[in-house]
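For reference, the structure is listed below as structure tokens.
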Amino acid sequence: MRLATWNVNSVRARLPRLLEWLAETKPDIACLQETKCPADRFPAAEVGELGYAVAAHGDGRWNGVALLSSVGIDEVSLGFPGEPGFGGELGEPSLLDELGELGPPRPEARAIGATCGGVRVWSLYAPNGRTPDSPHYLYKLDWFMALRTAIGDELGQRRPLVACGDFNVAPTDADVWDPAAFVGSTHVTPAERRALAELRALGLHDVVPTPMKGPHPFTYWDYRAGMFHQNKGMRIDLVYAGAAVAGRVRSAYVDREARKGKGPSDHAPIVVDLV
DNA sequence: ATGCCTTATTTCATAAGA
């Protein structure tokens, strides 16, 4: 079984590239992030022609996650139990607060789970955090804490599970092109790395993909200043597999070919082959 | 070579990304 994860940076803008890539790579399950469209605008018919069932979760202009599967897609969860939203007591007043309709902030579309081919699969898009002194950073850490609880509950049910996506954290200094360039930035702080470590402590294994070029399995390169062409990237897209799935991993690679050419996403897909 | 930012939207400007 072939599993993939890809931050597509708008599924509608990326549709030609996505369809081409699906037809060529033929993953059985694909986790997509940053679809940037509501579920009812997801190009389900186009993807469906390639044999995929779709589960999509979107909330408009930003965020958005989806799962494509040719091996079944059941028990779909839009978000996870206890998932926080941005706003309220953690940060700036939410829009609803400004309207005088106080209440807990609504979660953003950052997580979708489903059972596909006997595996509980999550497509995740962690909050960016912006800067370490931003309320968005506290929200990011809070989101990871809630994710740990939700994933822990599912692992406790002894389900084969894999959590894939854009975690917006580089696990180690080797996972950024120049650690000195990230001093004072999000994505590399001890607290963010601790959040990943706490996920791994649940029994999740970091399935590190093979880079197709160079020593680092980067998955993201900024669009600006020729960063991709200088291989100045980051490894922030991750595949965290429970023991049952990790034991089935035959190989994994970063498909940097998908980052080339006309109209690419700024992220490359990770492709994992399971026995 | 792979090529110097891109996306959606309240669009001729802005916010966000990381």
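Following the order of the structure tokens, chains are lettered A, B, ..., residues in each are numbered from 1, and ligands are numbered from 1.
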
Nearby residues (only C-alpha atoms (C1' of nucleotides)) at most 10 Å from range 5-16 of chain B, same-chain spacing under 6 positions excluded, as a tab-separated table (two decimals) with N, CA and C atoms, in the first residue's frame:
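Contents of around.tsv, freshly written:
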```tsv
chain	number	residue	atom	x	y	z
A	9	ASN	N	-0.75	23.76	-1.05
A	9	ASN	CA	-0.88	25.23	-1.15
A	9	ASN	C	-1.94	25.61	-2.18
A	10	SER	N	-3.15	25.28	-1.87
A	10	SER	CA	-4.37	25.48	-2.67
A	10	SER	C	-4.62	24.32	-3.64
A	13	ALA	N	-5.74	25.78	-7.15
A	13	ALA	CA	-4.64	26.30	-7.96
A	13	ALA	C	-3.71	25.17	-8.41
A	36	LYS	N	-7.09	25.20	1.08
A	36	LYS	CA	-7.55	26.59	0.91
A	36	LYS	C	-8.90	26.70	0.21
A	37	CYS	N	-9.78	25.75	0.49
A	37	CYS	CA	-11.14	25.89	-0.04
A	37	CYS	C	-12.11	25.14	0.86
A	60	GLY	N	-12.65	28.01	4.20
A	60	GLY	CA	-12.59	29.24	3.43
A	60	GLY	C	-11.21	29.56	2.91
A	61	ARG	N	-10.75	30.71	3.24
A	61	ARG	CA	-9.58	31.27	2.57
A	61	ARG	C	-8.26	30.56	2.91
A	62	TRP	N	-8.12	30.16	4.18
A	62	TRP	CA	-6.86	29.56	4.59
A	62	TRP	C	-7.09	28.14	5.11
A	128	ASN	N	0.97	27.80	12.16
A	128	ASN	CA	2.31	28.31	11.87
A	128	ASN	C	3.01	28.87	13.11
A	130	ARG	N	3.68	31.97	13.66
A	130	ARG	CA	4.14	33.32	13.28
A	130	ARG	C	5.44	33.72	13.97
A	222	ASP	N	11.07	27.85	0.44
A	222	ASP	CA	10.39	29.12	0.17
A	222	ASP	C	10.40	29.40	-1.34
A	223	TYR	N	9.30	29.99	-1.81
A	223	TYR	CA	9.23	30.33	-3.23
A	223	TYR	C	10.28	31.39	-3.62
A	224	ARG	N	10.66	32.21	-2.64
A	224	ARG	CA	11.47	33.39	-2.95
A	224	ARG	C	12.96	33.07	-3.07
A	225	ALA	N	13.63	33.92	-3.84
A	225	ALA	CA	15.10	33.97	-3.86
A	225	ALA	C	15.77	32.66	-4.27
A	226	GLY	N	15.08	31.86	-5.07
A	226	GLY	CA	15.72	30.64	-5.57
A	226	GLY	C	16.08	29.65	-4.48
A	263	GLY	N	4.27	26.16	-11.79
A	263	GLY	CA	3.18	26.17	-10.83
A	263	GLY	C	3.26	25.13	-9.76
A	264	PRO	N	4.42	24.96	-9.09
A	264	PRO	CA	4.49	23.96	-8.02
A	264	PRO	C	3.96	24.50	-6.70
A	265	SER	N	3.65	23.61	-5.77
A	265	SER	CA	3.48	24.00	-4.37
A	265	SER	C	4.86	24.34	-3.82
A	266	ASP	N	4.90	25.03	-2.68
A	266	ASP	CA	6.21	25.26	-2.06
A	266	ASP	C	6.64	24.06	-1.21
```

Exercise. Please, which residues of range 136-237 of chain A, numbered as in this document, come out strand (DSSP E) from DSSP, as JSON, numbers by chain?
Worked result: {"A": [161, 162, 163, 164, 165, 166, 205, 206, 237]}

Keeping only C-alpha atoms, write the selected residues to a file as a short mmCIF file (atom, residue, chain, number, x, y, z; two decimals), in the first residue's frame.
```
data_model
loop_
_atom_site.label_atom_id
_atom_site.label_comp_id
_atom_site.auth_asym_id
_atom_site.auth_seq_id
_atom_site.Cartn_x
_atom_site.Cartn_y
_atom_site.Cartn_z
CA LEU A 161 -2.56 4.61 12.97
CA VAL A 162 -0.51 7.09 10.99
CA ALA A 163 -0.48 10.87 11.41
CA CYS A 164 0.81 12.72 8.37
CA GLY A 165 1.09 16.31 7.35
CA ASP A 166 2.62 19.71 7.70
CA HIS A 205 7.76 6.66 14.86
CA ASP A 206 9.20 9.41 12.67
CA ASP A 237 6.23 17.72 6.72
#
```

For this session: Extract, using only C-alpha atoms (C1' of nucleotides), all DNA, RNA and protein residues at most 9 Å from Val208 in chain A, discarding same-chain residues fewer than 5 positions from it, and format them as a PyMOL selection string.
Result: chain A and resi 217+238-239+252-253

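The space separating CA of Leu22 in chain A from CA of Ala4 in chain A comes to 9.9 Å.
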
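In this structure, CA of Ser77 in chain A sits 13.5 Å away from CA of Glu108 in chain A.
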
Problem set entry | Contact residues around Gly203 in chain A with only C-alpha atoms (C1' of nucleotides) at 8 Å, ignoring same-chain residues under 4 positions, as a PyMOL selection string | chain A and resi 199+242-243

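Distance check against chain B using only C-alpha atoms (C1' of nucleotides): of A:Gly72, A:Pro127, A:Pro209, A:Pro104, the minimum falls on A:Pro127.
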
Exercise. Using only C-alpha atoms (C1' of nucleotides), which of A:Gly82, A:Pro38, A:Gly118, A:Gly261 sits nearest chain B?
Worked result: A:Gly261

For this session: Identify all residues of range 2-199 of chain A in alpha helix (DSSP H) (DSSP on the backbone) and supply them as a PyMOL selection string.
Result: chain A and resi 15-25+44-48+95-98+135-156+190-199

How would the residues just chosen look if you wrote them out with N, CA and C atoms as a short mmCIF file (atom, residue, chain, number, x, y, z; two decimals), in the first residue's frame?
```cif
data_model
loop_
_atom_site.label_atom_id
_atom_site.label_comp_id
_atom_site.auth_asym_id
_atom_site.auth_seq_id
_atom_site.Cartn_x
_atom_site.Cartn_y
_atom_site.Cartn_z
N LEU A 15 -4.58 22.00 -8.99
CA LEU A 15 -5.30 20.84 -9.54
C LEU A 15 -4.60 20.17 -10.71
N PRO A 16 -4.09 20.92 -11.71
CA PRO A 16 -3.41 20.21 -12.81
C PRO A 16 -2.20 19.43 -12.32
N ARG A 17 -1.44 20.04 -11.43
CA ARG A 17 -0.25 19.35 -10.90
C ARG A 17 -0.65 18.15 -10.04
N LEU A 18 -1.72 18.32 -9.26
CA LEU A 18 -2.17 17.24 -8.38
C LEU A 18 -2.64 16.03 -9.20
N LEU A 19 -3.45 16.30 -10.23
CA LEU A 19 -3.98 15.20 -11.04
C LEU A 19 -2.86 14.46 -11.76
N GLU A 20 -1.92 15.24 -12.28
CA GLU A 20 -0.77 14.65 -12.96
C GLU A 20 0.04 13.77 -11.99
N TRP A 21 0.24 14.32 -10.79
CA TRP A 21 1.04 13.60 -9.79
C TRP A 21 0.33 12.34 -9.30
N LEU A 22 -0.98 12.42 -9.09
CA LEU A 22 -1.74 11.25 -8.65
C LEU A 22 -1.68 10.14 -9.70
N ALA A 23 -1.84 10.54 -10.96
CA ALA A 23 -1.86 9.55 -12.05
C ALA A 23 -0.50 8.87 -12.17
N GLU A 24 0.56 9.61 -11.88
CA GLU A 24 1.91 9.09 -12.04
C GLU A 24 2.35 8.29 -10.80
N THR A 25 2.05 8.81 -9.63
CA THR A 25 2.57 8.25 -8.38
C THR A 25 1.65 7.16 -7.82
N ALA A 44 -13.72 17.28 -6.06
CA ALA A 44 -13.91 15.85 -5.77
C ALA A 44 -14.19 15.06 -7.04
N ALA A 45 -14.89 15.67 -8.00
CA ALA A 45 -15.23 14.94 -9.22
C ALA A 45 -13.97 14.62 -10.04
N GLU A 46 -13.10 15.63 -10.15
CA GLU A 46 -11.87 15.45 -10.92
C GLU A 46 -10.99 14.37 -10.30
N VAL A 47 -10.85 14.43 -8.98
CA VAL A 47 -10.04 13.44 -8.27
C VAL A 47 -10.74 12.07 -8.31
N GLY A 48 -12.06 12.11 -8.27
CA GLY A 48 -12.84 10.88 -8.32
C GLY A 48 -12.66 10.11 -9.61
N LEU A 95 -13.47 37.11 15.94
CA LEU A 95 -14.49 37.89 15.25
C LEU A 95 -15.81 37.84 16.02
N LEU A 96 -16.12 36.65 16.53
CA LEU A 96 -17.38 36.51 17.26
C LEU A 96 -17.36 37.38 18.52
N ASP A 97 -16.17 37.48 19.17
CA ASP A 97 -16.07 38.33 20.35
C ASP A 97 -16.40 39.77 19.97
N GLU A 98 -15.84 40.20 18.83
CA GLU A 98 -16.06 41.57 18.39
C GLU A 98 -17.52 41.82 18.11
N PRO A 135 0.44 35.44 20.04
CA PRO A 135 -0.61 34.52 20.53
C PRO A 135 -0.78 33.31 19.63
N HIS A 136 -0.42 33.46 18.35
CA HIS A 136 -0.51 32.32 17.44
C HIS A 136 0.46 31.20 17.83
N TYR A 137 1.55 31.59 18.48
CA TYR A 137 2.52 30.59 18.93
C TYR A 137 1.95 29.78 20.10
N LEU A 138 1.30 30.46 21.03
CA LEU A 138 0.66 29.74 22.15
C LEU A 138 -0.45 28.83 21.63
N TYR A 139 -1.17 29.32 20.66
CA TYR A 139 -2.22 28.52 20.02
C TYR A 139 -1.62 27.26 19.38
N LYS A 140 -0.48 27.44 18.72
CA LYS A 140 0.20 26.29 18.10
C LYS A 140 0.55 25.23 19.15
N LEU A 141 1.13 25.66 20.26
CA LEU A 141 1.51 24.70 21.31
C LEU A 141 0.27 24.04 21.92
N ASP A 142 -0.77 24.83 22.10
CA ASP A 142 -2.02 24.30 22.65
C ASP A 142 -2.63 23.26 21.71
N TRP A 143 -2.56 23.55 20.42
CA TRP A 143 -3.10 22.63 19.40
C TRP A 143 -2.35 21.29 19.45
N PHE A 144 -1.04 21.36 19.60
CA PHE A 144 -0.25 20.13 19.69
C PHE A 144 -0.60 19.33 20.95
N MET A 145 -0.81 20.04 22.06
CA MET A 145 -1.17 19.33 23.30
C MET A 145 -2.48 18.58 23.13
N ALA A 146 -3.46 19.25 22.50
CA ALA A 146 -4.76 18.61 22.29
C ALA A 146 -4.63 17.46 21.30
N LEU A 147 -3.79 17.63 20.30
CA LEU A 147 -3.57 16.56 19.32
C LEU A 147 -2.98 15.33 20.00
N ARG A 148 -2.03 15.57 20.90
CA ARG A 148 -1.42 14.44 21.60
C ARG A 148 -2.48 13.64 22.36
N THR A 149 -3.38 14.34 23.02
CA THR A 149 -4.43 13.64 23.77
C THR A 149 -5.32 12.83 22.82
N ALA A 150 -5.72 13.45 21.70
CA ALA A 150 -6.64 12.77 20.78
C ALA A 150 -5.98 11.57 20.12
N ILE A 151 -4.74 11.73 19.69
CA ILE A 151 -4.03 10.61 19.05
C ILE A 151 -3.77 9.51 20.08
N GLY A 152 -3.42 9.94 21.30
CA GLY A 152 -3.18 8.97 22.37
C GLY A 152 -4.41 8.13 22.63
N ASP A 153 -5.59 8.75 22.59
CA ASP A 153 -6.82 8.00 22.80
C ASP A 153 -7.01 6.95 21.71
N GLU A 154 -6.74 7.31 20.47
CA GLU A 154 -6.92 6.34 19.38
C GLU A 154 -5.89 5.22 19.44
N LEU A 155 -4.65 5.58 19.78
CA LEU A 155 -3.63 4.54 19.93
C LEU A 155 -3.99 3.60 21.07
N GLY A 156 -4.64 4.16 22.09
CA GLY A 156 -5.05 3.36 23.23
C GLY A 156 -6.09 2.31 22.86
N PRO A 190 12.59 25.12 21.36
CA PRO A 190 12.53 23.92 22.21
C PRO A 190 11.10 23.48 22.51
N ALA A 191 10.21 24.41 22.74
CA ALA A 191 8.84 24.02 23.08
C ALA A 191 8.14 23.32 21.91
N GLU A 192 8.39 23.81 20.70
CA GLU A 192 7.78 23.15 19.53
C GLU A 192 8.38 21.75 19.35
N ARG A 193 9.68 21.64 19.51
CA ARG A 193 10.33 20.33 19.36
C ARG A 193 9.90 19.38 20.47
N ARG A 194 9.65 19.94 21.65
CA ARG A 194 9.14 19.12 22.75
C ARG A 194 7.75 18.58 22.40
N ALA A 195 6.94 19.40 21.74
CA ALA A 195 5.60 18.95 21.35
C ALA A 195 5.70 17.75 20.42
N LEU A 196 6.66 17.78 19.50
CA LEU A 196 6.86 16.61 18.62
C LEU A 196 7.34 15.41 19.42
N ALA A 197 8.26 15.66 20.35
CA ALA A 197 8.80 14.57 21.16
C ALA A 197 7.70 13.91 21.98
N GLU A 198 6.75 14.72 22.44
CA GLU A 198 5.64 14.16 23.22
C GLU A 198 4.72 13.31 22.35
N LEU A 199 4.60 13.68 21.09
CA LEU A 199 3.83 12.83 20.17
C LEU A 199 4.56 11.49 19.96
#
```

Problem set entry | Shortest interatomic distance to Val275 in chain A - which of A:Ile236, A:Ala53, A:Leu67, A:Leu3, counting only C-alpha atoms | A:Leu3

For this session: Measure the distance from CA of Ala181 in chain A to CA of Ala126 in chain A in Å and round it to one decimal.
Result: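 Taking CA of Ala181 in chain A and CA of Ala126 in chain A, their separation equals 21.6 Å.
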
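Within 12 Å of DA1 in chain B, once only C-alpha atoms (C1' of nucleotides) are used and residues closer than 5 positions along the same chain are dropped, the contacting residues are His229, Gln230, Lys260 and Gly261 of chain A.
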